[in-house]
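Encoded as structure tokens, the structure appears first; notes follow it.
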Amino acid sequence: MNKIFAMLAFLPLFVGVANGATVVATVDGNPITDTDITARVALMAKQGRTSATNRRQALQNIIDDYIKLNYANNFGVRPTNDDADKELKRMNLGDMDDTMRSVARLAVRSDIAWQVIMARTIMPTVDVSDSDIASEKSDLIRERGLPIEITMIRLIDIPNETAKKLSKPKNCDSAVKIAEDLGGYPQKITALQYELSDDMRQRIADLPILTWSPVVDNSVVLVCKESKTKEYKDIDDIIKQNAMFRKASQIADQNLKQLRRKAVIIVNDDRYKL
């Protein structure tokens with residue numbers, strides 16, 4: 001977590017309590033209570049994000065929410081609670097009490113605002129190279145796969161010595177025959193790349209067509225055919241946009257670090273100081 005610049009001050013006793021909740025920190029005058037942090041931790045859990053330092057991370061997240069919203073306000077970007085409620089309904093996070101809903105609205109409003117700022121001020125300045133696009137495509141293949149129909153041959157329970165005898169086939173049918181001639185029972189599979197399991201996508205990601213893979217878990221695979229689907233026609237544009245968004249996100253993260261340094265952040269609770 002990035003360093004929070006804590007400013008200690010002798011505050012009147014009543015400042016530490018708002019509606020019965022202890023004010024843990026303020027950012028540019030906006031109070032953050034212990035109850036807010038508890039609600040944010042619960043929200044993070046609903047989103048499947050947990051860690052040993054959840055409360056500190058929750059405080060940092062809320063601080064960032066206010067910083068993003070304050071910055072976006074300079075550009076006239078002011079997402080409303082109604083905007084946040086629509087997104088929360090789509091996210092389907094289940095029941096929330098008033099405090100958690102308030103904290104969730106803050107998080108969603110800041111996210112909406114930050115995305116708009118990225119689109120307006122960063123994305124137009126971002127350019128990506130061929131290597132950026134190639135890297136993005138490689139990541140996409142490994143993580144999700146592409147809308148490409150794959151025809152492959154799989155041999156399971158194959159001894160290493162037998163696998164070494166597999167010769168290069170001319171097509172799918174010859175691959176099947178080569179395997180059968182060695183006493184194997186080849187499986188011919190046709191599926192969209194993104195329908196394959198993660199480990200199978202990783203195995204074939206850099207595997208040349210009509211080339212047997214190394215033996216993994218007593219099995220080998222061979223991709224004998226790839227066919228682009230109708231969805232594939234827009235994939236290059238999608239990959240380029242993803243590469244641009246990734247680079248823009250990196251720039252936005254650097255900008256956020258600068259904004260944190262400029263923000264007036266006061267942490268009143270020693271548990272949250274670094």
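Labeling convention for the structure tokens: chains A, B, ... as they appear, residues from 1 per chain, ligands from 1 in order of appearance.
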Interface rows for range 16-109 of chain A against range 248-256 of chain A: nearest pair, Å to one decimal, 10 Å, only C-alpha atoms, as a tab-separated table:
residue	atom	partner	partner_atom	distance
A:Asp64	CA	A:Leu256	CA	7.9
A:Ile67	CA	A:Leu256	CA	8.1
A:Lys68	CA	A:Leu256	CA	7.7
A:Tyr71	CA	A:Leu256	CA	9.5
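DSSP on the backbone gives strand (DSSP E) for these parts of range 190-232 of chain A: A:Thr190, A:Ala191, A:Leu192, A:Ser219, A:Val220, A:Val221, A:Leu222, A:Val223, A:Cys224, A:Lys225, A:Glu226, A:Ser227, A:Lys228.
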- Item | For Arg109 in chain A, the nearest of the candidates A:Glu87, A:Asp127, A:Asp198, A:Asp36, counting only C-alpha atoms |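 For Arg109 in chain A, the nearest of the candidates is A:Glu87.
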- DSSP helix (DSSP H, G or I) residues within range 34-271 of chain A, as a ChimeraX atom specification: /A:34-46,54-73,81-91,98-125,130-143,160-163,172-181,193-195,198-204,230-262,270-271
Which residues of range 224-267 of chain A sit at most 9 Å from range 123-126 of chain A, using only C-alpha atoms? Give each one's shortest atom pair and distance in Å (one decimal place), in chain and ascending residue order, as CSV.
residue,atom,partner,partner_atom,distance
A:Met244,CA,A:Val126,CA,6.3
A:Phe245,CA,A:Met123,CA,7.1
A:Lys247,CA,A:Val126,CA,7.2
A:Ala248,CA,A:Met123,CA,5.9
- Query: Skipping near chain neighbours, those fewer than 2 positions away, what residues fall within 10 Å of range 46-62 of chain A using only C-alpha atoms, listed as a ChimeraX atom specification?
  - Reply: /A:1-4,24-25,27,32-34,36-44,64-68,91-94,103-104,106-107,110,267,271-274
Please write the residues from the selection above to a file, keeping C-alpha atoms, as a short mmCIF file (atom, residue, chain, number, x, y, z; two decimals), in the first residue's frame.
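Below you can see out18.cif, which holds the result:
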data_model
loop_
_atom_site.label_atom_id
_atom_site.label_comp_id
_atom_site.auth_asym_id
_atom_site.auth_seq_id
_atom_site.Cartn_x
_atom_site.Cartn_y
_atom_site.Cartn_z
CA MET A 1 0.00 0.00 0.00
CA ASN A 2 1.27 3.47 -0.81
CA LYS A 3 2.39 5.57 2.12
CA ILE A 4 -0.30 7.66 3.76
CA VAL A 24 -10.13 7.45 11.96
CA ALA A 25 -8.93 9.82 9.25
CA VAL A 27 -8.93 13.40 3.43
CA ILE A 32 -13.63 8.50 7.40
CA THR A 33 -14.95 6.61 10.41
CA ASP A 34 -14.11 3.23 11.86
CA ASP A 36 -16.89 3.18 7.24
CA ILE A 37 -13.77 1.02 7.25
CA THR A 38 -15.69 -1.96 8.66
CA ALA A 39 -18.30 -1.53 5.93
CA ARG A 40 -15.61 -1.29 3.25
CA VAL A 41 -13.98 -4.50 4.51
CA ALA A 42 -17.37 -6.24 4.27
CA LEU A 43 -17.82 -4.85 0.76
CA MET A 44 -14.39 -6.15 -0.24
CA ASP A 64 -8.44 7.10 -2.97
CA ASP A 65 -12.20 7.32 -3.60
CA TYR A 66 -12.30 10.87 -2.25
CA ILE A 67 -9.13 11.87 -4.10
CA LYS A 68 -10.48 10.58 -7.41
CA MET A 91 -23.13 -6.11 -9.65
CA ASN A 92 -25.73 -7.96 -7.55
CA LEU A 93 -23.79 -7.86 -4.28
CA GLY A 94 -26.75 -8.83 -2.13
CA VAL A 103 -19.54 3.20 1.25
CA ALA A 104 -20.39 1.12 -1.85
CA LEU A 106 -18.72 6.14 -2.82
CA ALA A 107 -16.57 3.36 -4.30
CA SER A 110 -15.19 7.18 -7.73
CA VAL A 267 -4.77 9.84 10.19
CA ARG A 271 -3.33 1.35 13.95
CA TYR A 272 -3.50 2.77 10.43
CA LYS A 273 -0.19 4.64 10.35
CA LEU A 274 2.86 3.31 8.56
#
- Message: One number please: CA of Glu149 in chain A to CA of Thr211 in chain A, in Å, one decimal.
- Response: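 CA of Thr211 in chain A lies at a distance of 17.3 Å from CA of Glu149 in chain A.
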- Given the choices A:Pro214, A:Glu231, A:Asn171, A:Ile153, which gets closest to Tyr185 in chain A if the distance is worked out from only C-alpha atoms?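 Among the listed residues, A:Ile153 lies closest to Tyr185 in chain A.
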- Close residues, range 174-181 of chain A itself excluded, 12 Å, only C-alpha atoms, min 5 positions apart in chain, as a ChimeraX atom specification: /A:151-156,158,162-169,186-189,209-212,220-225
Could you write out the selected residues, including N, CA and C atoms, as a tab-separated table (two decimals), in the first residue's frame?
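Produced file selection_13.tsv, reproduced below:
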chain	number	residue	atom	x	y	z
A	151	THR	N	-9.41	-27.56	-33.50
A	151	THR	CA	-9.53	-29.01	-33.62
A	151	THR	C	-8.21	-29.60	-33.18
A	152	MET	N	-8.27	-30.49	-32.22
A	152	MET	CA	-7.04	-31.02	-31.64
A	152	MET	C	-7.14	-32.51	-31.38
A	153	ILE	N	-5.98	-33.13	-31.31
A	153	ILE	CA	-5.87	-34.55	-30.99
A	153	ILE	C	-5.21	-34.67	-29.62
A	154	ARG	N	-5.78	-35.53	-28.79
A	154	ARG	CA	-5.23	-35.72	-27.45
A	154	ARG	C	-4.99	-37.20	-27.21
A	155	LEU	N	-3.81	-37.50	-26.69
A	155	LEU	CA	-3.47	-38.87	-26.32
A	155	LEU	C	-3.18	-38.90	-24.83
A	156	ILE	N	-3.87	-39.75	-24.09
A	156	ILE	CA	-3.65	-39.84	-22.65
A	156	ILE	C	-3.02	-41.19	-22.31
A	158	ILE	N	0.07	-42.05	-22.22
A	158	ILE	CA	1.05	-42.42	-23.24
A	158	ILE	C	2.45	-42.47	-22.62
A	162	THR	N	6.93	-44.02	-26.19
A	162	THR	CA	5.97	-44.02	-27.31
A	162	THR	C	5.79	-42.61	-27.85
A	163	ALA	N	5.74	-41.63	-26.96
A	163	ALA	CA	5.55	-40.24	-27.38
A	163	ALA	C	6.69	-39.79	-28.28
A	164	LYS	N	7.91	-40.29	-28.02
A	164	LYS	CA	9.06	-39.91	-28.84
A	164	LYS	C	8.94	-40.41	-30.28
A	165	LYS	N	8.10	-41.42	-30.51
A	165	LYS	CA	7.93	-42.00	-31.84
A	165	LYS	C	6.86	-41.31	-32.68
A	166	LEU	N	6.14	-40.35	-32.07
A	166	LEU	CA	5.09	-39.65	-32.81
A	166	LEU	C	5.72	-38.75	-33.87
A	167	SER	N	5.42	-39.01	-35.13
A	167	SER	CA	5.99	-38.22	-36.23
A	167	SER	C	5.04	-37.07	-36.58
A	168	LYS	N	5.55	-36.14	-37.37
A	168	LYS	CA	4.75	-34.96	-37.73
A	168	LYS	C	3.69	-35.36	-38.75
A	169	PRO	N	2.42	-35.12	-38.47
A	169	PRO	CA	1.35	-35.48	-39.41
A	169	PRO	C	1.12	-34.40	-40.45
A	186	PRO	N	-6.47	-42.11	-29.71
A	186	PRO	CA	-6.54	-40.65	-29.80
A	186	PRO	C	-7.96	-40.11	-29.66
A	187	GLN	N	-8.07	-38.99	-28.96
A	187	GLN	CA	-9.33	-38.28	-28.84
A	187	GLN	C	-9.29	-37.06	-29.76
A	188	LYS	N	-10.26	-36.94	-30.62
A	188	LYS	CA	-10.35	-35.78	-31.50
A	188	LYS	C	-11.38	-34.81	-30.91
A	189	ILE	N	-10.92	-33.59	-30.62
A	189	ILE	CA	-11.76	-32.60	-29.92
A	189	ILE	C	-11.87	-31.34	-30.76
A	209	ILE	N	1.05	-25.38	-35.20
A	209	ILE	CA	0.07	-26.29	-35.79
A	209	ILE	C	0.77	-27.57	-36.23
A	210	LEU	N	0.08	-28.71	-36.05
A	210	LEU	CA	0.56	-30.03	-36.46
A	210	LEU	C	1.89	-30.39	-35.80
A	211	THR	N	2.01	-30.02	-34.52
A	211	THR	CA	3.20	-30.36	-33.74
A	211	THR	C	2.77	-30.97	-32.41
A	212	TRP	N	3.28	-32.15	-32.12
A	212	TRP	CA	2.93	-32.80	-30.86
A	212	TRP	C	3.56	-32.04	-29.70
A	220	VAL	N	-0.25	-36.10	-24.37
A	220	VAL	CA	0.25	-35.16	-25.38
A	220	VAL	C	-0.94	-34.63	-26.16
A	221	VAL	N	-0.78	-33.45	-26.72
A	221	VAL	CA	-1.83	-32.86	-27.54
A	221	VAL	C	-1.22	-32.34	-28.82
A	222	LEU	N	-2.06	-32.20	-29.82
A	222	LEU	CA	-1.64	-31.65	-31.11
A	222	LEU	C	-2.80	-30.86	-31.68
A	223	VAL	N	-2.54	-29.62	-32.04
A	223	VAL	CA	-3.56	-28.80	-32.71
A	223	VAL	C	-3.40	-29.02	-34.20
A	224	CYS	N	-4.44	-29.56	-34.83
A	224	CYS	CA	-4.33	-29.85	-36.25
A	224	CYS	C	-5.07	-28.86	-37.13
A	225	LYS	N	-5.91	-28.01	-36.51
A	225	LYS	CA	-6.66	-27.05	-37.32
A	225	LYS	C	-7.16	-25.91	-36.46
- Task: With a distance cut-off of 12 Å and only C-alpha atoms, select the neighbouring residues of Ser135 in chain A, excluding the residue or stretch itself and same-chain residues fewer than 6 positions from it, and output the selection as a PyMOL selection string.
- Result: chain A and resi 128-129+141-142+239-240+242-244+246-247
- Which polymer residues have any atom within 6 Å of an atom of Ile150 in chain A, counting only C-alpha atoms, with same-chain residues fewer than 6 positions away left out, as number ranges by chain? A: 190-192, 226
Output file for the selection above: N, CA and C atoms, as a compact mmCIF listing (two decimals), in the first residue's frame:
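Saved to selection_29.txt:
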# COMPACT_ATOMS: atom_id res chain seq x y z
N THR A 190 -13.08 -30.83 -30.90
CA THR A 190 -13.29 -29.54 -31.56
C THR A 190 -14.02 -28.62 -30.59
N ALA A 191 -13.44 -27.46 -30.30
CA ALA A 191 -14.04 -26.52 -29.33
C ALA A 191 -13.51 -25.12 -29.61
N LEU A 192 -14.25 -24.13 -29.13
CA LEU A 192 -13.75 -22.77 -29.19
C LEU A 192 -12.62 -22.63 -28.16
N GLU A 226 -7.10 -24.69 -36.99
CA GLU A 226 -7.69 -23.52 -36.34
C GLU A 226 -8.56 -22.79 -37.35
